[in-house]
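Here's target19.cif, which has mmCIF, C-alpha atoms:
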data_protein
loop_
_atom_site.group_PDB
_atom_site.id
_atom_site.type_symbol
_atom_site.label_atom_id
_atom_site.label_comp_id
_atom_site.auth_asym_id
_atom_site.auth_seq_id
_atom_site.Cartn_x
_atom_site.Cartn_y
_atom_site.Cartn_z
ATOM 1 C CA MET A 1312 0.000 0.000 0.000
ATOM 2 C CA LEU A 1313 1.486 3.327 -1.070
ATOM 3 C CA ALA A 1314 1.754 6.120 1.485
ATOM 4 C CA GLU A 1315 -0.143 9.273 0.732
ATOM 5 C CA PRO A 1316 1.986 12.365 0.126
ATOM 6 C CA MET A 1317 2.222 14.756 3.051
ATOM 7 C CA THR A 1318 0.156 17.880 2.521
ATOM 8 C CA GLY A 1319 0.040 21.224 4.267
ATOM 9 C CA TYR A 1320 -2.875 23.147 5.660
ATOM 10 C CA LEU A 1321 -3.741 24.329 2.148
ATOM 11 C CA GLY A 1322 -4.042 20.758 0.941
ATOM 12 C CA MET A 1323 -0.946 20.848 -1.318
ATOM 13 C CA ASP A 1324 2.064 18.500 -1.158
ATOM 14 C CA LEU A 1325 5.649 19.698 -1.584
ATOM 15 C CA PRO A 1326 6.099 18.629 -5.241
ATOM 16 C CA GLY A 1327 2.863 20.308 -6.155
ATOM 17 C CA PHE A 1328 3.868 23.430 -4.270
ATOM 18 C CA LEU A 1329 7.221 23.613 -6.056
ATOM 19 C CA ALA A 1330 5.562 22.993 -9.414
ATOM 20 C CA LEU A 1331 3.121 25.822 -8.695
ATOM 21 C CA LEU A 1332 5.981 28.181 -7.852
ATOM 22 C CA ARG A 1333 7.770 27.303 -11.098
ATOM 23 C CA ALA A 1334 4.601 27.834 -13.081
ATOM 24 C CA ARG A 1335 3.934 31.211 -11.439
ATOM 25 C CA GLY A 1336 7.578 32.204 -11.069
ATOM 26 C CA ARG A 1337 7.397 35.150 -13.455
ATOM 27 C CA LEU A 1338 4.327 36.540 -11.731
ATOM 28 C CA ILE A 1339 5.910 36.242 -8.287
ATOM 29 C CA ALA A 1340 9.177 37.760 -9.508
ATOM 30 C CA GLY A 1341 7.306 40.654 -11.085
ATOM 31 C CA ILE A 1342 5.419 41.388 -7.866
ATOM 32 C CA VAL A 1343 8.620 41.291 -5.823
ATOM 33 C CA ALA A 1344 10.455 43.533 -8.286
ATOM 34 C CA ALA A 1345 7.593 46.026 -8.399
ATOM 35 C CA ALA A 1346 7.454 46.217 -4.591
ATOM 36 C CA ALA A 1347 11.235 46.679 -4.327
ATOM 37 C CA MET A 1348 11.226 49.411 -6.975
ATOM 38 C CA LEU A 1349 8.344 51.181 -5.265
ATOM 39 C CA ALA A 1350 10.217 51.102 -1.950
ATOM 40 C CA LEU A 1351 13.309 52.478 -3.684
ATOM 41 C CA VAL A 1352 11.400 55.350 -5.283
ATOM 42 C CA VAL A 1353 9.679 56.256 -2.007
ATOM 43 C CA SER A 1354 13.015 56.145 -0.159
ATOM 44 C CA LEU A 1355 14.734 58.384 -2.710
ATOM 45 C CA LEU A 1356 11.918 60.924 -2.467
ATOM 46 C CA GLN A 1357 12.295 61.224 1.300
ATOM 47 C CA SER A 1358 14.619 63.814 2.777
ATOM 48 C CA SER A 1359 17.760 62.577 4.495
ATOM 49 C CA ARG A 1360 17.824 62.387 8.295
ATOM 50 C CA TYR A 1361 20.886 62.229 10.539
ATOM 51 C CA ARG A 1362 21.227 61.197 14.197
ATOM 52 C CA ALA A 1363 23.854 62.554 16.594
ATOM 53 C CA THR A 1364 24.289 61.608 20.248
ATOM 54 C CA ALA A 1365 25.834 63.357 23.260
ATOM 55 C CA ASP A 1366 26.589 61.448 26.476
ATOM 56 C CA LEU A 1367 25.673 62.685 29.955
ATOM 57 C CA LEU A 1368 26.786 61.506 33.379
ATOM 58 C CA PHE A 1369 24.159 61.670 36.119
ATOM 59 C CA ALA A 1370 25.533 61.829 39.660
ATOM 60 C CA ASP A 1371 24.228 62.690 43.100
ATOM 61 C CA SER A 1372 24.032 66.403 43.690
ATOM 62 C CA PRO A 1373 26.089 67.565 46.716
ATOM 63 C CA ALA A 1374 23.578 70.348 47.203
ATOM 64 C CA LEU A 1375 20.723 67.920 47.780
ATOM 65 C CA ASP A 1376 22.826 65.912 50.226
ATOM 66 C CA VAL A 1377 23.773 69.005 52.216
ATOM 67 C CA VAL A 1378 20.252 70.385 52.241
ATOM 68 C CA ALA A 1379 18.778 67.045 53.254
ATOM 69 C CA ALA A 1380 21.396 66.589 55.981
ATOM 70 C CA GLY A 1381 20.531 69.989 57.372
ATOM 71 C CA GLY A 1382 16.848 69.212 57.499
ATOM 72 C CA LEU A 1383 16.048 72.143 55.222
ATOM 73 C CA GLY A 1384 14.819 70.275 52.174
ATOM 74 C CA ASP A 1385 11.748 68.323 51.205
ATOM 75 C CA ASP A 1386 10.911 65.656 53.794
ATOM 76 C CA SER A 1387 9.107 63.430 51.315
ATOM 77 C CA GLY A 1388 12.064 60.985 51.326
ATOM 78 C CA ASP A 1389 12.094 60.427 47.579
ATOM 79 C CA VAL A 1390 14.631 63.077 46.530
ATOM 80 C CA PRO A 1391 16.877 60.714 44.478
ATOM 81 C CA GLU A 1392 13.897 59.280 42.619
ATOM 82 C CA ARG A 1393 12.551 62.715 41.812
ATOM 83 C CA VAL A 1394 15.967 63.913 40.626
ATOM 84 C CA ALA A 1395 16.329 60.921 38.297
ATOM 85 C CA ALA A 1396 12.853 61.469 36.885
ATOM 86 C CA THR A 1397 13.632 65.157 36.410
ATOM 87 C CA ASN A 1398 16.836 64.361 34.518
ATOM 88 C CA LEU A 1399 14.995 62.085 32.106
ATOM 89 C CA ALA A 1400 12.109 64.489 31.552
ATOM 90 C CA LEU A 1401 14.188 67.616 31.008
ATOM 91 C CA ALA A 1402 14.495 67.270 27.234
ATOM 92 C CA SER A 1403 10.723 67.031 26.844
ATOM 93 C CA LEU A 1404 10.114 70.321 28.643
ATOM 94 C CA ASP A 1405 9.257 73.300 26.503
ATOM 95 C CA GLY A 1406 11.474 75.474 28.666
ATOM 96 C CA VAL A 1407 14.600 73.564 27.688
ATOM 97 C CA ALA A 1408 13.628 73.637 24.007
ATOM 98 C CA VAL A 1409 13.096 77.394 24.260
ATOM 99 C CA ARG A 1410 16.578 77.799 25.694
ATOM 100 C CA VAL A 1411 18.014 75.620 22.907
ATOM 101 C CA LYS A 1412 16.239 77.705 20.266
ATOM 102 C CA ARG A 1413 17.650 80.860 21.823
ATOM 103 C CA GLN A 1414 21.148 79.370 22.001
ATOM 104 C CA LEU A 1415 21.210 78.137 18.396
ATOM 105 C CA ARG A 1416 19.232 81.060 16.976
ATOM 106 C CA THR A 1417 17.512 78.646 14.637
ATOM 107 C CA SER A 1418 14.347 79.155 12.629
ATOM 108 C CA ALA A 1419 13.009 75.773 13.785
ATOM 109 C CA SER A 1420 10.061 75.919 16.157
ATOM 110 C CA VAL A 1421 10.213 74.891 19.792
ATOM 111 C CA GLU A 1422 7.955 71.930 19.051
ATOM 112 C CA GLU A 1423 10.228 70.733 16.224
ATOM 113 C CA LEU A 1424 13.284 70.923 18.451
ATOM 114 C CA ARG A 1425 11.553 69.141 21.317
ATOM 115 C CA ASP A 1426 10.254 66.343 19.089
ATOM 116 C CA ALA A 1427 13.668 65.853 17.465
ATOM 117 C CA VAL A 1428 15.383 64.852 20.723
ATOM 118 C CA GLU A 1429 15.329 61.702 22.853
ATOM 119 C CA VAL A 1430 16.878 61.353 26.325
ATOM 120 C CA GLU A 1431 17.559 57.819 27.548
ATOM 121 C CA THR A 1432 19.555 56.066 30.263
ATOM 122 C CA ARG A 1433 21.924 53.165 29.587
ATOM 123 C CA GLY A 1434 20.495 50.340 31.637
ATOM 124 C CA ASP A 1435 21.200 50.715 35.360
ATOM 125 C CA SER A 1436 24.252 52.925 34.852
ATOM 126 C CA ASP A 1437 24.549 56.633 35.558
ATOM 127 C CA LEU A 1438 25.152 57.380 31.871
ATOM 128 C CA GLY A 1439 22.489 58.920 29.668
ATOM 129 C CA THR A 1440 22.276 59.854 26.022
ATOM 130 C CA VAL A 1441 20.816 62.862 24.263
ATOM 131 C CA THR A 1442 20.057 61.912 20.656
ATOM 132 C CA ALA A 1443 18.915 64.453 18.070
ATOM 133 C CA GLU A 1444 17.687 63.689 14.555
ATOM 134 C CA TRP A 1445 17.787 66.421 11.924
ATOM 135 C CA THR A 1446 18.115 67.001 8.194
ATOM 136 C CA SER A 1447 21.875 67.687 8.251
ATOM 137 C CA PRO A 1448 24.667 66.029 10.239
ATOM 138 C CA GLU A 1449 26.068 69.308 11.546
ATOM 139 C CA GLU A 1450 22.707 70.559 12.779
ATOM 140 C CA ALA A 1451 21.924 67.205 14.396
ATOM 141 C CA ALA A 1452 25.157 67.423 16.391
ATOM 142 C CA ASP A 1453 24.524 71.073 17.291
ATOM 143 C CA ILE A 1454 21.028 70.291 18.567
ATOM 144 C CA ALA A 1455 22.193 67.297 20.619
ATOM 145 C CA ASN A 1456 24.996 69.329 22.189
ATOM 146 C CA ALA A 1457 22.694 72.280 22.846
ATOM 147 C CA PHE A 1458 20.145 70.095 24.635
ATOM 148 C CA ALA A 1459 22.902 68.423 26.659
ATOM 149 C CA THR A 1460 24.293 71.826 27.649
ATOM 150 C CA GLN A 1461 20.891 73.178 28.632
ATOM 151 C CA ILE A 1462 20.016 70.047 30.628
ATOM 152 C CA VAL A 1463 23.194 70.592 32.639
ATOM 153 C CA ALA A 1464 22.336 74.286 33.045
ATOM 154 C CA VAL A 1465 18.784 73.606 34.187
ATOM 155 C CA ARG A 1466 19.911 71.027 36.751
ATOM 156 C CA ARG A 1467 22.615 73.397 38.016
ATOM 157 C CA GLU A 1468 20.139 76.239 38.404
ATOM 158 C CA ALA A 1469 17.655 73.961 40.172
ATOM 159 C CA ALA A 1470 20.334 72.822 42.639
ATOM 160 C CA GLN A 1471 21.433 76.407 43.235
ATOM 161 C CA THR A 1472 17.814 77.363 43.876
ATOM 162 C CA ASP A 1473 17.555 74.611 46.502
ATOM 163 C CA LEU A 1474 20.721 75.877 48.160
ATOM 164 C CA GLN A 1475 19.501 79.473 48.098
ATOM 165 C CA ARG A 1476 16.254 78.340 49.710
ATOM 166 C CA ALA A 1477 18.263 76.713 52.484
ATOM 167 C CA ILE A 1478 20.414 79.851 52.845
ATOM 168 C CA ASP A 1479 17.297 82.007 53.166
ATOM 169 C CA ALA A 1480 15.858 79.671 55.808
ATOM 170 C CA LEU A 1481 19.076 79.854 57.839
ATOM 171 C CA GLY A 1482 19.116 83.622 57.377
ATOM 172 C CA ARG A 1483 15.665 83.870 58.923
ATOM 173 C CA GLN A 1484 16.840 81.757 61.851
ATOM 174 C CA LEU A 1485 19.852 84.025 62.249
ATOM 175 C CA SER A 1486 17.674 87.143 62.212
ATOM 176 C CA ALA A 1487 15.483 85.646 64.947
ATOM 177 C CA GLN A 1488 18.476 85.186 67.264
ATOM 178 C CA PRO A 1489 18.573 87.703 70.134
ATOM 179 C CA SER A 1490 21.255 90.332 69.860
ATOM 180 C CA PRO A 1491 24.120 89.670 72.276
ATOM 181 C CA ALA A 1492 24.890 92.197 74.972
ATOM 182 C CA GLU A 1493 27.721 94.600 74.261
ATOM 183 C CA GLY A 1494 31.045 92.971 75.052
ATOM 184 C CA ALA A 1495 29.430 89.557 75.572
ATOM 185 C CA PRO A 1496 30.868 86.555 73.673
ATOM 186 C CA ALA A 1497 29.031 85.466 70.548
ATOM 187 C CA ASP A 1498 26.353 82.845 71.015
ATOM 188 C CA PRO A 1499 27.655 79.442 69.731
ATOM 189 C CA SER A 1500 24.379 78.810 67.905
ATOM 190 C CA THR A 1501 24.708 82.148 66.100
ATOM 191 C CA THR A 1502 28.259 81.308 65.073
ATOM 192 C CA ALA A 1503 27.149 77.883 63.847
ATOM 193 C CA LEU A 1504 24.388 79.461 61.750
ATOM 194 C CA ARG A 1505 26.827 81.893 60.168
ATOM 195 C CA ASP A 1506 29.294 79.117 59.402
ATOM 196 C CA ARG A 1507 26.502 77.046 57.887
ATOM 197 C CA ILE A 1508 25.392 79.939 55.668
ATOM 198 C CA ALA A 1509 28.959 80.514 54.495
ATOM 199 C CA GLN A 1510 29.312 76.807 53.694
ATOM 200 C CA LEU A 1511 26.106 76.778 51.644
ATOM 201 C CA GLN A 1512 27.103 79.930 49.784
ATOM 202 C CA THR A 1513 30.397 78.281 48.797
ATOM 203 C CA LEU A 1514 28.554 75.159 47.654
ATOM 204 C CA LYS A 1515 26.153 77.269 45.634
ATOM 205 C CA ALA A 1516 29.029 78.889 43.765
ATOM 206 C CA LEU A 1517 30.540 75.478 42.966
ATOM 207 C CA GLU A 1518 27.307 73.573 42.344
ATOM 208 C CA THR A 1519 27.011 71.678 39.030
ATOM 209 C CA GLY A 1520 23.628 70.020 39.545
ATOM 210 C CA GLY A 1521 25.026 66.491 39.425
ATOM 211 C CA VAL A 1522 24.916 66.328 35.602
ATOM 212 C CA SER A 1523 27.858 66.737 33.246
ATOM 213 C CA VAL A 1524 28.557 66.238 29.548
ATOM 214 C CA VAL A 1525 31.127 63.445 29.195
ATOM 215 C CA GLU A 1526 31.151 63.265 25.393
ATOM 216 C CA ARG A 1527 29.863 65.834 22.949
ATOM 217 C CA ALA A 1528 28.001 64.841 19.797
ATOM 218 C CA THR A 1529 29.851 64.831 16.491
ATOM 219 C CA PRO A 1530 28.300 65.056 13.004
ATOM 220 C CA PRO A 1531 27.471 61.528 11.794
ATOM 221 C CA ARG A 1532 29.080 60.278 8.605
ATOM 222 C CA GLU A 1533 26.069 58.298 7.432
ATOM 223 C CA ARG A 1534 22.399 59.190 7.430
ATOM 224 C CA SER A 1535 20.003 57.321 9.673
ATOM 225 C CA ALA A 1536 17.074 57.528 7.256
ATOM 226 C CA PRO A 1537 15.979 56.723 4.690
ATOM 227 C CA ARG A 1538 17.837 53.487 3.906
ATOM 228 C CA PRO A 1539 16.924 52.495 0.345
ATOM 229 C CA LEU A 1540 18.633 49.097 0.361
ATOM 230 C CA ARG A 1541 17.067 48.032 3.644
ATOM 231 C CA ASN A 1542 13.656 49.272 2.554
ATOM 232 C CA MET A 1543 13.961 47.400 -0.751
ATOM 233 C CA VAL A 1544 14.856 44.139 1.010
ATOM 234 C CA ILE A 1545 12.001 44.462 3.500
ATOM 235 C CA ALA A 1546 9.493 45.356 0.778
ATOM 236 C CA GLY A 1547 10.750 42.492 -1.408
ATOM 237 C CA LEU A 1548 10.419 39.921 1.376
ATOM 238 C CA LEU A 1549 6.926 41.083 2.279
ATOM 239 C CA ALA A 1550 5.895 41.073 -1.380
ATOM 240 C CA LEU A 1551 7.345 37.575 -1.825
ATOM 241 C CA ALA A 1552 5.370 36.204 1.107
ATOM 242 C CA LEU A 1553 2.139 37.854 -0.042
ATOM 243 C CA ALA A 1554 2.659 36.795 -3.665
ATOM 244 C CA VAL A 1555 3.255 33.148 -2.747
ATOM 245 C CA PHE A 1556 0.197 33.128 -0.506
ATOM 246 C CA ALA A 1557 -1.942 34.730 -3.225
ATOM 247 C CA VAL A 1558 -0.742 32.209 -5.835
ATOM 248 C CA ILE A 1559 -1.603 29.289 -3.551
ATOM 249 C CA VAL A 1560 -5.041 30.655 -2.784
ATOM 250 C CA LEU A 1561 -5.744 31.229 -6.487
ATOM 251 C CA ALA A 1562 -4.562 27.696 -7.297
ATOM 252 C CA ARG A 1563 -6.910 26.256 -4.708
ATOM 253 C CA LEU A 1564 -9.808 28.241 -6.142
ATOM 254 C CA GLU A 1565 -9.012 27.020 -9.668
ATOM 255 C CA GLU A 1566 -9.221 23.410 -8.475
ATOM 256 C CA ARG A 1567 -12.919 23.714 -7.718
ATOM 257 C CA ILE A 1568 -15.340 21.915 -10.101
ATOM 258 C CA ALA A 1569 -17.107 24.473 -12.243
ATOM 259 C CA ASP A 1570 -19.906 22.364 -13.854
ATOM 260 C CA GLU A 1571 -21.342 18.810 -14.247
ATOM 261 C CA GLU A 1572 -19.296 18.116 -17.385
ATOM 262 C CA GLU A 1573 -16.060 18.690 -15.493
ATOM 263 C CA LEU A 1574 -17.353 16.417 -12.736
ATOM 264 C CA ALA A 1575 -17.976 13.610 -15.255
#

If you took the structure in this file and wrote it as structure tokens, what would it be?
Amino acid sequence: MLAEPMTGYLGMDLPGFLALLRARGRLIAGIVAAAAMLALVVSLLQSSRYRATADLLFADSPALDVVAAGGLGDDSGDVPERVAATNLALASLDGVAVRVKRQLRTSASVEELRDAVEVETRGDSDLGTVTAEWTSPEEAADIANAFATQIVAVRREAAQTDLQRAIDALGRQLSAQPSPAEGAPADPSTTALRDRIAQLQTLKALETGGVSVVERATPPRERSAPRPLRNMVIAGLLALALAVFAVIVLARLEERIADEEELA
């Protein structure tokens, strides 16, 4: 007893499938070629895009540590988490994009600049990337570097604001201290407050915000989009799969009995 040939879910064995592909080879090849050419034309019509990346280093801010140690900051207990979230969200803020537009003196809108930039962290490390995509390699690098610079500036100003808030609070405490009698030694608490204010003022002058640019963006040599060859390959593969499926379905439909004469 002869074994029946193995068939797939479309009811066609391998020899029949290969014979069908040979019979419809020109049609399938034409569909694939047309799809690849269409992808090529569409890719060539698109404007070139370039991606440039600047690297940032996120570190703990000494200002936040000093303020928290002095009991003059936010008591919510989630300062590090809020700082990390702030660092990642900075590039999406309109305020940073406005500063970048002012720095570059570009005709691009704030929305275009904001949408052109992505800020990401590298896994669990303290490194982050600022990636900008633009129509020229030089401008892409300029935008990435400008955003990186402004992120550092915004974090520095925020840390300095926290320190100034602590200085003001200590200043109010110092003003509330009773004035010592003439010739009397200075109150130790008053001296401690003055020393603390001087320390915070020094920290404010040196504060960096815990963010620094470790590597500036450089103009990329190759464009990031469009990629005609890649688009042609993807379009060709998709067209090949769809063409083969369509040929099989049409072959199955042609196998149906049309009338009683064919049945006989």

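Using the PyMOL selection byres ((chain A and resi 1521-1533) around 6) on the file at hand returns these residues: Ala1363, Thr1364, Ala1365, Asp1366, Leu1367, Leu1368, Phe1369, Ala1370, Asp1371, Ser1372, Pro1448, Glu1449, Ala1452, Asn1456, Val1463, Thr1519, Gly1520 and Arg1534 of chain A.
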
Save the residues we just selected, C-alpha atoms, as an mmCIF file, in the coordinates of the input?
data_model
loop_
_atom_site.group_PDB
_atom_site.id
_atom_site.type_symbol
_atom_site.label_atom_id
_atom_site.label_comp_id
_atom_site.auth_asym_id
_atom_site.auth_seq_id
_atom_site.Cartn_x
_atom_site.Cartn_y
_atom_site.Cartn_z
ATOM 1 C CA ALA A 1363 23.854 62.554 16.594
ATOM 2 C CA THR A 1364 24.289 61.608 20.248
ATOM 3 C CA ALA A 1365 25.834 63.357 23.260
ATOM 4 C CA ASP A 1366 26.589 61.448 26.476
ATOM 5 C CA LEU A 1367 25.673 62.685 29.955
ATOM 6 C CA LEU A 1368 26.786 61.506 33.379
ATOM 7 C CA PHE A 1369 24.159 61.670 36.119
ATOM 8 C CA ALA A 1370 25.533 61.829 39.660
ATOM 9 C CA ASP A 1371 24.228 62.690 43.100
ATOM 10 C CA SER A 1372 24.032 66.403 43.690
ATOM 11 C CA PRO A 1448 24.667 66.029 10.239
ATOM 12 C CA GLU A 1449 26.068 69.308 11.546
ATOM 13 C CA ALA A 1452 25.157 67.423 16.391
ATOM 14 C CA ASN A 1456 24.996 69.329 22.189
ATOM 15 C CA VAL A 1463 23.194 70.592 32.639
ATOM 16 C CA THR A 1519 27.011 71.678 39.030
ATOM 17 C CA GLY A 1520 23.628 70.020 39.545
ATOM 18 C CA ARG A 1534 22.399 59.190 7.430
#

Cut-off 9 Å around (18.3, 67.8, 5.2) with all atoms listed in the file: residues as a count of residues only: 8

Evaluate the PyMOL selection byres ((chain A and resi 1506-1510) around 9) and record the selected residues as a list in words, following the chain and residue labels used in the document. Ala1477, Ile1478, Asp1479, Leu1481, Gly1482, Thr1501, Thr1502, Ala1503, Leu1504, Arg1505, Leu1511, Gln1512, Thr1513, Leu1514 and Lys1515 of chain A

Please, what distance in Å, to one decimal, runs between CA of Phe1556 in chain A and CA of Ala1350 in chain A? 20.6 Å

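Relative to CA of Val1555 in chain A, CA of Met1543 in chain A is found at 17.9 Å.
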
Find the residues near Leu1424 in chain A: any atom within 10 Å, counting all atoms listed in the file, skip ones fewer than 6 places away on the same chain, and give them as an NGL selection string. :A and (1402-1403 or 1405 or 1407-1409 or 1411-1412 or 1417 or 1443-1445 or 1454-1455 or 1458)

Centre, x/y/z edge lengths, axis-aligned box for range 1472-1484 of chain A with 4 Å per side, as lines of an AutoDock Vina configuration file:
center_x = 18.2
center_y = 79.2
center_z = 52.9
size_x = 13.1
size_y = 17.3
size_z = 26.0

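Between CA of Ala1516 in chain A and CA of Ser1486 in chain A there is a distance of 23.2 Å.
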
Which residues match the PyMOL selection byres ((chain A and resi 1334-1341) around 12) in the file above, as a PyMOL selection string? chain A and resi 1327-1333+1342-1348+1547-1559+1561-1562
